[in-house]
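Q: Provided herewith is a single structure, encoded as structure tokens, for subsequent inquiry.
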Amino acid sequence: MSAGREPCLLCGASQWSPMPDPGPQSMASDWRVVKEPLARRACETCGLVRRWAGRGAGQDLYLSGYGLYAHPPGDPRERARQQHYADWIAGAVDASPAQVLDVGCGNGSLLLALASRWPRARFLGCDPSADSVAQGAQPGLRLWQGTAADLPADAVSDLVVSVNVIEHTHDPLSFLRALRRALGSGGTLVLICPDGGRPGLELLFADHVYSFAPEHLSILCARAGLDVVRTQRAPQALGAFQMVVARAAATDAVPAAFVAVDAGGRAEYLAAWRDLDHRLLERMAAPAVCFGAGEAAGLLRGYAPRTWDLVRACTIDGPASGRFGDLPVVGLDTVGSAETVLVGVRPLDQARLADRLRARFTAVVTWYDLLPGGDGGW
């Protein structure tokens with residue numbers, strides 16, 4: 001069966017509409033460039049968005065060389081972000097757990113943040129990336145290379161968390177059923193993933209197989225035998241994410257009604273990224289320095305390559321060293337006031353940051369206004 005005719009895992013329809021490709025290459029979630037387009041399609045019946053089957057960064061992406069968490073826990077920015085996640089999770093759980101399982105644990109940094117809330121609990125985690133798991137080996141954490149499909153019997157826990165994993169899976173229903181089996185009696189599942197109902201950067205990652213709106217997750221959870229207790233949107237500090245809190249149901253069920261999700265806004269968002277390189281070039285002057293050396297800068301490198309060719313270095317606040325891809329990361333105090341500074345942070349923060357940079361630099365280039373909604377849903 002051709003990729004474009006596969007039945008939708010939610011509604012069974014087999015009519016898919018192609019979505020705009022931002023370019024001939026794409027970017028994975030660990031910021032590496034993938035030499036093929038995103039090739040996303042939207043189900044014409046329910047609005048579920050997915051990459052074509054057989055395309056994109058496959059599961060082997062995580063087995064070797066996956067760099068997102070291939071470092072020891074403790075990076076200040078990562079620690080702060082995991083503390084936000086831990087606060088959000090702890091606020092959604094009714095009782096202190098005795099054992100916590102994190103499926104897709106990376107280097108264990110989220111488990112360490114949760115341990116500060118529940119110091120008496122046991123903490124377990126698995127991840128397909130051996131490079132990441134090896135970085136998290138320390139007292140108080142039991143981590144191993146693995147996935148939801150091969151959880152050991154003693155991993156059954158009264159709190160199971162999985163953060164930003166389900167969108168990477170090729171069989172999300174089987175994934176949720178495995179998480180249900182990992183729930184102890186009366187246990188709670190906390191599932192977090194990008195909110196695919198709002199156009200945003202989650203559409204841009206090559207290894208995001210599916211883009212789930214809240215309505216899509218509700219159907220999947222019911223089919224996996226999970227009763228949804230509550231759903232929440234993430235606090236602003238985290239961005240456009242959603243949480244589902246669920247418990248094991250007595251029987252599998254399918255919701256009687258379904259509201260289709262309009263994919264039009266997401267197509268418009270991808271089209272804006274397709275045009276971003278051309279529109280940014282109209283604002284740029286060479287040489288330029290990119291303020292930022294993280295996710296947003298990586299997206300510019302992947303989807304605005306001609307603009308990125310004009311960037312000679314990246315810069316950040318505070319001490320600077322090392323490299324971002326092929327470019328050096330230099331101190332802000334080494335950048336001349338007459339140089340062009342390209343703001344390479346998430347669109348939501350660009351206007352505020354640009355005001356500060358313009359007090360020092362003559363030419364400061366932003367691009368938040370080139371994406372739908374002014375902040376790119378990000």
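Please note that chains go A, B, ... in the order of the structure tokens, that every chain numbers its residues from 1, and that ligands are numbered from 1 in the order shown.
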Taking the chain letters and numbering used in this document, name the residues of range 191-302 of chain A that DSSP puts in strand (DSSP E), as a count of residues only.
A: 26
Q: Which residues are near range 306-320 of chain A? Cut-off 7 Å, only C-alpha atoms, ignore same chain within fewer than 5 positions. Put them as a ChimeraX atom specification.
A: /A:277,280-281,286-293,300-301,327-332
Q: Kindly export the residues of the current selection with C-alpha atoms, as a CSV table (one decimal), in the first residue's frame.
A:
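Resulting contents of part04.csv:
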chain,number,residue,atom,x,y,z
A,277,ASP,CA,14.5,32.1,4.0
A,280,LEU,CA,14.7,37.0,5.9
A,281,LEU,CA,17.3,37.6,3.2
A,286,ALA,CA,26.5,40.1,5.9
A,287,PRO,CA,28.4,39.4,8.0
A,288,ALA,CA,25.9,38.6,10.8
A,289,VAL,CA,26.0,37.0,14.2
A,290,CYS,CA,23.1,34.9,15.5
A,291,PHE,CA,22.0,35.6,19.1
A,292,GLY,CA,21.1,32.1,20.3
A,293,ALA,CA,22.6,28.6,20.0
A,300,LEU,CA,17.0,28.6,11.1
A,301,ARG,CA,20.0,26.5,10.0
A,327,LEU,CA,30.0,27.9,13.9
A,328,PRO,CA,31.9,29.2,16.9
A,329,VAL,CA,29.9,30.4,19.9
A,330,VAL,CA,31.4,33.8,21.0
A,331,GLY,CA,30.9,36.2,23.8
A,332,LEU,CA,28.4,39.0,23.2
Q: I need the residues in range 114-304 of chain A that are helix (DSSP H, G or I) according to DSSP; give them as number ranges by chain.
A: A: 114-115, 130-135, 148-150, 153-155, 166-168, 172-181, 201-204, 214-223, 264-281, 295-303
Q: Tell me which of A:Arg266, A:Arg120, A:His71, A:His216 sits closest to Pro20 in chain A, counting only C-alpha atoms.
A: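 So, comparing all the options, the nearest one is A:Arg266.
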Q: List the neighbours of Leu299 in chain A out to 7 Å using only C-alpha atoms; skip same-chain residues closer than 4 positions along the sequence, and give me the result as a list in words.
A: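 Everything that qualifies: Met27, Glu295 and Tyr303 of chain A.
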Q: Of the candidates A:Val34, A:Arg79, A:Tyr85, A:Leu61, which one gets nearest to Gln236 in chain A if we count only C-alpha atoms?
A: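 Smallest separation from Gln236 in chain A among the options: A:Tyr85.
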Q: I'd like the contact shell of range 222-228 of chain A - 9 Å cut-off, only C-alpha atoms, skipping same-chain residues fewer than 6 positions apart - returned as a count of residues only.
A: 20
